[in-house]
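One structure is given here, and the rest of the page talks about it.
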Amino acid sequence: MVFNTGAALLDAIVLAVVSKDEEGTYGYKITQDVRKAIDVSESTLYPVLRRLQKDDCLEVYDRECAGRNRRYYKITAAGEAQLNLYRSEWMDYSRKITALFAGEELA
Amino acid sequence: MTKEQFLFQLEQKLLDIPEDERAEAMEYYRDYFSDAGTENEEQVILELGSPEKVAASIKEGLRAGREDAGTIGQPPQTRGFGKSFSETNAGRKQMDSRSKWLLIIVVAIFTFPFWIGIAGALFGILVAVVATIFGLAVAAVAVAGVGIVAGFICVVVGIVRFFTGGLVSGFITVGAGLLLFALGCLCTAALVFVFGQVFPWALRGISNLLHNGIRRRKKVEVNE
């Protein structure tokens, strides 16, 4: 990957991935899903998840799975709001960059 | 390195962070290994790199988290994609400023028992100062009026005494009268100076202060 993924974009991607599952999803699956889109090392995501949890964008709960507890991450209302903000910001950002690359004149 | 060794070494590297943070992180990576499955164990260890690297990323996250945790009860901080983004995001700024005011009002309500005492004391001091100035003014007017009138009467009585009583009592009465008159004139002059010069100056000063304060605050809001 030529372009860096900044902290904000990583937050947005993680929120988008987690929000896909109504019931929430777990660390390993989040990592796999994020890596479908961008190239991140496996140790990158835990700090992001922890911070989003502290910011009240994600909530965690344990669910019994195959005889053990697995930690699930679920998006909160505040997280949804944050994700929506990221979405609109991204649309604006990517539209401008795309237009610029296409050689169009920016307003 | 096995999964157990990796997790053990990771825990050792995390001994200097708070216990709940360590437990949280260990649970995550234990889950991670379990969910990857034993067949992928080596692959996961290879990709995670080393326990040192994982521990460093966890600590790095904690440091960043602490910086952001400076505010309580505010919406999570938005990380702009670029600097210019957050700068042009006027809508959010407005919301921030509104929630800031809301916070100030809520704090004001909750600290009511505390600041009502201070406000009462300040109001009391203000009333006392105003009453003192008023009392002094009334006293000065009285002294001025009485001094001039009584002084004038004394001088007249003294002049009459020159002819009826004698030189000594005449001088004493005229002298006392002139002193009283002078005191009355002094008070009048002081009153004229205070009400004619100091009072308007003080009023202008206070109104300028209030005016500037409001204007500056308005300016700040516009700049935000």
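Ordering of the structure tokens sets the chain letters (A, B, ...), residue numbers begin anew at 1 in every chain, and ligands are numbered from 1 in the order given.
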At a cut-off of 6 Å, using only C-alpha atoms, what residues contact segment 53-60 of chain A? Leave out same-chain residues fewer than 3 positions from it and give the result as a count of residues only. 9
What are the closest atom pairs, with distances in Å to one decimal, for each residue of segment 20-56 of chain A lying within 12 Å of segment 50-53 of chain B, using only C-alpha atoms, rows by chain and rising residue number, as JSON lines?
{"residue": "A:Ser41", "atom": "CA", "partner": "B:Lys53", "partner_atom": "CA", "distance": 10.7}
{"residue": "A:Glu42", "atom": "CA", "partner": "B:Lys53", "partner_atom": "CA", "distance": 10.7}
{"residue": "A:Ser43", "atom": "CA", "partner": "B:Lys53", "partner_atom": "CA", "distance": 8.0}
{"residue": "A:Thr44", "atom": "CA", "partner": "B:Lys53", "partner_atom": "CA", "distance": 10.2}
Store the residues picked out above, limited to C-alpha atoms, as a PDB file, in the first residue's frame.
ATOM      1  CA  SER A  41      -0.293  -5.562  11.159  1.00  0.00           C
ATOM      2  CA  GLU A  42      -2.193  -7.763  13.588  1.00  0.00           C
ATOM      3  CA  SER A  43      -1.037  -5.831  16.612  1.00  0.00           C
ATOM      4  CA  THR A  44      -2.429  -2.545  15.297  1.00  0.00           C
TER       5      THR A  44
END
Report as a VMD selection string: the residues of chain A with a DSSP assignment of helix (DSSP H, G or I), based on the backbone of this structure. chain A and resid 7 to 19 27 to 37 45 to 54 77 to 101
Take the residues that were just selected and, keeping C-alpha atoms, output them as a compact mmCIF listing (two decimals), in the first residue's frame.
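For reference, again02.txt as written:
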# COMPACT_ATOMS: atom_id res chain seq x y z
CA ALA A 7 -5.59 7.25 13.01
CA ALA A 8 -8.91 8.80 11.96
CA LEU A 9 -9.29 6.60 8.89
CA LEU A 10 -8.39 3.51 10.90
CA ASP A 11 -11.02 4.45 13.51
CA ALA A 12 -13.56 4.92 10.74
CA ILE A 13 -12.73 1.56 9.12
CA VAL A 14 -12.94 -0.31 12.42
CA LEU A 15 -16.26 1.35 13.29
CA ALA A 16 -17.61 0.45 9.85
CA VAL A 17 -16.49 -3.18 10.23
CA VAL A 18 -17.97 -3.54 13.72
CA SER A 19 -21.24 -1.83 12.75
CA GLY A 27 -11.20 -9.27 17.69
CA TYR A 28 -9.95 -11.93 15.30
CA LYS A 29 -12.84 -11.42 12.88
CA ILE A 30 -12.47 -7.63 13.01
CA THR A 31 -8.80 -8.00 12.12
CA GLN A 32 -9.58 -10.30 9.20
CA ASP A 33 -12.29 -7.94 7.88
CA VAL A 34 -10.13 -4.84 8.20
CA ARG A 35 -7.31 -6.60 6.41
CA LYS A 36 -9.58 -7.25 3.45
CA ALA A 37 -9.57 -3.50 2.88
CA LEU A 45 -6.06 -3.15 16.05
CA TYR A 46 -6.15 -3.87 19.78
CA PRO A 47 -5.14 -0.30 20.77
CA VAL A 48 -7.70 1.08 18.33
CA LEU A 49 -10.49 -1.11 19.72
CA ARG A 50 -9.51 -0.24 23.28
CA ARG A 51 -9.51 3.48 22.56
CA LEU A 52 -12.86 3.38 20.76
CA GLN A 53 -14.19 1.49 23.75
CA LYS A 54 -12.93 4.19 26.12
CA ALA A 77 -25.16 5.17 19.47
CA ALA A 78 -22.20 7.53 19.94
CA GLY A 79 -20.13 5.24 17.72
CA GLU A 80 -22.83 5.33 15.00
CA ALA A 81 -22.84 9.12 15.15
CA GLN A 82 -19.08 9.19 14.89
CA LEU A 83 -19.15 6.76 11.98
CA ASN A 84 -21.70 8.93 10.16
CA LEU A 85 -19.47 11.93 10.63
CA TYR A 86 -16.50 9.97 9.27
CA ARG A 87 -18.60 8.80 6.32
CA SER A 88 -19.63 12.29 5.26
CA GLU A 89 -16.11 13.61 5.78
CA TRP A 90 -14.72 10.78 3.70
CA MET A 91 -17.22 11.34 0.88
CA ASP A 92 -16.21 14.98 0.72
CA TYR A 93 -12.50 14.18 0.94
CA SER A 94 -12.49 11.37 -1.62
CA ARG A 95 -14.71 13.30 -4.04
CA LYS A 96 -12.29 16.23 -4.03
CA ILE A 97 -9.20 14.08 -4.42
CA THR A 98 -10.82 12.03 -7.18
CA ALA A 99 -11.83 15.19 -9.01
CA LEU A 100 -8.34 16.57 -8.62
CA PHE A 101 -6.76 13.41 -9.98
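Here atom CA of Leu15 of chain B stands at a distance of 10.0 Å from atom CA of Ala55 of chain B.
For the pair atom CA of Val141 of chain B and atom CA of Phe193 of chain B, the interatomic distance is 12.8 Å.
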For atom CA of Glu19 of chain B and atom CA of Thr2 of chain B, determine how far apart the two atoms are, in Å to one decimal place. 24.2 Å
Under the rule that only C-alpha atoms are counted, which of B:Met1, B:Ala64, B:Val129, B:Leu186 is the nearest residue to Glu42 of chain B?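 Residue with the minimum atom-to-atom distance to Glu42 of chain B: B:Met1.
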